[in-house]
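Since the structure comes first, as structure tokens, the remarks are kept for the end.
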Amino acid sequence: MLLVLSDLHFEEERSDFIGAYGSAPPLTFSRNLDATFYQRCIALLARDIRRAKSQKLKIVLAGDIFDLHRSSLWFSRRGVDSRPYVDNRDVRRHADLERLILALLSRIGQEREVRKTLGILNLLLEGKYRVRPGGTVQDFPAQVQLEYIPGNHDRLANATPLIRKRVRELLGLPLSDEPFPCSIWDEEHRVRIRHGHEYDRHNFCENLMDIEHWDDIPATTYGKPCIGDFITVDIAARLPFLFRRLHGDATIVTDPILRTVYTRLLEFDDLRPQSAILDFLLTIPGMEEGTVWKVIEPVLRQIFDDIHANPFLRECLDDLDKKWRLDTIDAVQLFLDTRPWHNGILLNLAKSMASKLRNIDFDNGGPAEYALHEPTVRSGRARMVIAGHTHTPSVDLLKIDERGQQYYLDTGTWRRRIVSSPDRKAFGSIKSLTSLTVFSPSEFSDGAATSARAFSVWNGITRRWDDVLDV
């Protein structure tokens with residue numbers, strides 16, 4: 001049996017917390033999913049393994065397991081001017097950067113729910129599990145093997161021997177400094193497994209449609225940074241950091257408006273679609289748009305001042321720019337060149353830019369369109385392509401030939417998600433949990449002679465609220 005999970009996004013949260021001031025309570029916010037959800041998943045998995053009479057379970061953690069981008073530690077260490085959007089090969093040349101990544105991994109592993117979740121995973125690799133939290137330890141009904149491939153948010157997990165050892169230690173894997181694979185081919189199940197950022201031109205340094213041999217993409221290509229790294233770090237993660245520096249912790253925690261806006265800034269990394277960011281920041285129940293804009297405008301002004309001439313950003317934009325036609329990238333470049341925020345950031349201008357960002361999409365269609373061009377799909381060798389990255393679970397038929405059907409399966413995410421109404425005027429919070437299981441012929445057929453394969457996608461979404469609606 002094969003189980004694929006991705007996008008767990010274990011994060012360092014402590015640096016975003018603000019302590020209590022006077023009678024005002026502390027401001028805490030958790031992005032890491034409660035460990036009990038993983039506990040329940042393993043219990044259900046044990047039940048399925050017994051039913052299928054499986055002898056072994058192969059678990060693939062398909063990227064973005066550790067979120068090495070979403071942390072204010074990148075900005076708060078005195079004397080260290082480091083950013084994660086560097087080539088993996090350059091990390092060893094910068095001792096401060098390697099130490100910061102190792103410290104960040106340790107901080108992530110110390111987060112309460114992450115520590116408990118990793119404990120559950122480590123126990124499973126020892127052949128044990130608990131049916132329920134606090135229950136007695138039982139033997140797991142199959143031999144367990146774990147494999148891990150980095151994604152775009154944990155690309156740096158493959159940067160140096162010391163970092164790779166630390167990642168293996170956290171996951172409970174045998175200690176080694178060998179590089180992690182960038183993708184996995186599973187012959188038994190006829191499955192190609194990727195993280196999926198390869199299908200996203202803004203989060204992978206090459207356009208796969210320009211590469212002939214996808215299965216031989218060198219690790220050096222996977223180790224290169226991209227514009228998505230920059231946006232996540234110097235915009236998404238830096239906004240709340242600058243908000244605190246501008247307004248001050250004591251003021252934020254005691255002022256209801258600032259407190260709410262700061263929480264909103266911590267949340268928006270979970271927003272889907274991310275192009276709705278401005279709508280999300282400005283549309284806070286019970287607050288006027290102008291009131292919210294007044295407290296975030298100076299932060300945005302600082303962001304734009306800091307990034308408008310950044311050489312890495314400019315190089316990425318030039319690389320993405322389609323020279324033969326005007327597009328969204330041209331609008332962003334013009335915005336950065338003319339620096340209109342020096343005359344006061346106009347709200348209408350910001351809304352115009354946000355509407356243009358909605359048009360940014362995959363260059364050659366969605367992930368399934370990319371998967372259709374996978375060499376193992378074209379040759380008929382792969383029955384399935386499994387990837388994550390989008391945080392949106394899906395099952396797409398790629399094609400049917402004389403050998404059967406071929407599918408693209410998106411593994412979704414295990415984290416909190418902010419979802420938007422169609423008009424982008426309302427936003428809700430849900431917890432999303434998606435696991436994808438692939439069965440071999442013997443497991444699927446109850447021992448009968450057959451070449452059939454099967455997959456099962458479990459997509460759990462949970463939401464609890466306390467208000468009572470009168471009907």
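Residue names in the structure tokens use chain letters A, B, ... in the order shown, residue numbers from 1 in each chain, and ligand numbers from 1 in the order shown.
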
Write out as JSON, numbers by chain the set of residues from segment 328-435 of chain A that DSSP, computed on the backbone, places in strand (DSSP E or B). {"A": [363, 365, 384, 385, 386, 387, 394, 395, 396, 397, 398, 399, 400, 401, 404, 405, 406, 407, 408, 409, 410, 414, 415, 416, 417, 418, 419, 420, 427, 428, 429, 430, 431, 432, 433, 434, 435]}

Neighbours of Glu206 of chain A within 8 Å (only C-alpha atoms; same-chain residues fewer than 5 positions away dropped), as a ChimeraX atom specification? /A:198,201,221

Quick one: which segment 288-327 of chain A residues come within 8 Å of segment 237-244 of chain A, and what is the nearest atom pair for each with the distance in Å to one decimal, counting only C-alpha atoms, rows ordered by chain and ascending number, as CSV?
residue,atom,partner,partner_atom,distance
A:Ile296,CA,A:Phe243,CA,7.4
A:Val299,CA,A:Phe243,CA,6.1
A:Leu300,CA,A:Leu239,CA,7.7
A:Ile303,CA,A:Leu239,CA,7.6

Would you mind telling me which residue in A:Gly19, A:Thr232, A:Gln405, A:Leu125 lies nearest to Asp139 of chain A when using only C-alpha atoms?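 That would be A:Leu125, the residue with the smallest distance to Asp139 of chain A.
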
Counting only C-alpha atoms, the option among A:Ile163, A:Leu170, A:Leu258, A:Ile120 closest to Arg40 of chain A: A:Ile120

Ile284 of chain A surroundings by only C-alpha atoms, 10 Å radius, close-in-sequence under 6 positions cut, as a ChimeraX atom specification: /A:257,260-261,264,292,425-427

Give me a file of those residues, with N, CA and C atoms, as a PDB file, in the first residue's frame.
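The result, stored in out32.pdb:
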ATOM      1  N   ILE A 257      -8.500  47.209  16.797  1.00  0.00           N
ATOM      2  CA  ILE A 257      -8.329  47.278  15.341  1.00  0.00           C
ATOM      3  C   ILE A 257      -6.973  46.703  14.933  1.00  0.00           C
ATOM      4  N   THR A 260      -6.772  42.906  15.414  1.00  0.00           N
ATOM      5  CA  THR A 260      -7.474  42.154  14.385  1.00  0.00           C
ATOM      6  C   THR A 260      -6.711  42.166  13.067  1.00  0.00           C
ATOM      7  N   VAL A 261      -6.181  43.315  12.680  1.00  0.00           N
ATOM      8  CA  VAL A 261      -5.446  43.412  11.415  1.00  0.00           C
ATOM      9  C   VAL A 261      -4.170  42.579  11.472  1.00  0.00           C
ATOM     10  N   ARG A 264      -4.982  39.099  10.877  1.00  0.00           N
ATOM     11  CA  ARG A 264      -5.292  38.938   9.456  1.00  0.00           C
ATOM     12  C   ARG A 264      -4.001  38.778   8.636  1.00  0.00           C
ATOM     13  N   VAL A 292      -9.042  50.108   7.977  1.00  0.00           N
ATOM     14  CA  VAL A 292      -8.038  49.057   7.800  1.00  0.00           C
ATOM     15  C   VAL A 292      -6.898  49.559   6.914  1.00  0.00           C
ATOM     16  N   LYS A 425     -15.908  39.047  -1.091  1.00  0.00           N
ATOM     17  CA  LYS A 425     -16.313  39.986  -0.056  1.00  0.00           C
ATOM     18  C   LYS A 425     -16.506  39.305   1.298  1.00  0.00           C
ATOM     19  N   ALA A 426     -16.317  37.998   1.328  1.00  0.00           N
ATOM     20  CA  ALA A 426     -16.438  37.254   2.576  1.00  0.00           C
ATOM     21  C   ALA A 426     -15.416  36.126   2.572  1.00  0.00           C
ATOM     22  N   PHE A 427     -14.878  35.821   3.767  1.00  0.00           N
ATOM     23  CA  PHE A 427     -13.829  34.820   3.876  1.00  0.00           C
ATOM     24  C   PHE A 427     -14.082  33.939   5.090  1.00  0.00           C
TER      25      PHE A 427
END

Segment 103-118 of chain A environment, 7 Å, only C-alpha atoms, sequence neighbours closer than 3 positions dropped, as a ChimeraX atom specification: /A:10-12,32-35,38,99-100,121-122,170-171

Using only C-alpha atoms, please write the residues we just selected to a file, as a CSV table (one decimal), in the first residue's frame.
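Saved file selection-v6.csv follows:
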chain,number,residue,atom,x,y,z
A,10,PHE,CA,5.1,22.6,9.8
A,11,GLU,CA,5.9,26.1,10.8
A,12,GLU,CA,7.8,28.1,13.4
A,32,ASN,CA,0.1,24.0,12.6
A,33,LEU,CA,-2.6,21.5,12.5
A,34,ASP,CA,-3.6,19.7,15.7
A,35,ALA,CA,-1.7,16.4,16.0
A,38,TYR,CA,-2.7,12.7,12.2
A,99,ARG,CA,23.1,28.0,11.1
A,100,LEU,CA,19.9,30.0,10.7
A,121,LEU,CA,5.3,9.6,12.9
A,122,ASN,CA,8.5,8.4,14.7
A,170,LEU,CA,13.1,15.1,12.9
A,171,LEU,CA,11.3,12.6,10.6

Taking only C-alpha atoms into account, which of A:Arg14, A:Asp330, A:Pro375, A:Ala368 comes nearest Leu398 of chain A? A:Ala368

Minimum-distance residue to Leu124 of chain A, chosen among A:Gln39, A:Ala95, A:Asp177, A:His153 (using only C-alpha atoms):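 Closest to Leu124 of chain A of all the choices is A:Gln39.
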
Can you measure atom CA of Asn348 of chain A to atom CA of Val419 of chain A for me? One decimal in Å is fine.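 Taking atom CA of Asn348 of chain A and atom CA of Val419 of chain A, their separation equals 23.7 Å.
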
Hey, which of A:Asp305, A:Glu402, A:Asp321, A:Asp234 ends up closest to Phe75 of chain A? Count only C-alpha atoms. A:Asp234

For Gly151 of chain A, find every residue with an atom within 8 Å (counting only C-alpha atoms), except residues of its own chain fewer than 4 positions away, and show them as a ChimeraX atom specification. /A:62-65,155,195-197,389

In terms of the shortest atom-to-atom distance over only C-alpha atoms, which of A:Leu265, A:Tyr222, A:Val167, A:Arg453 is closest to Arg89 of chain A?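 Once distances to Arg89 of chain A are computed over only C-alpha atoms, the minimum belongs to A:Tyr222.
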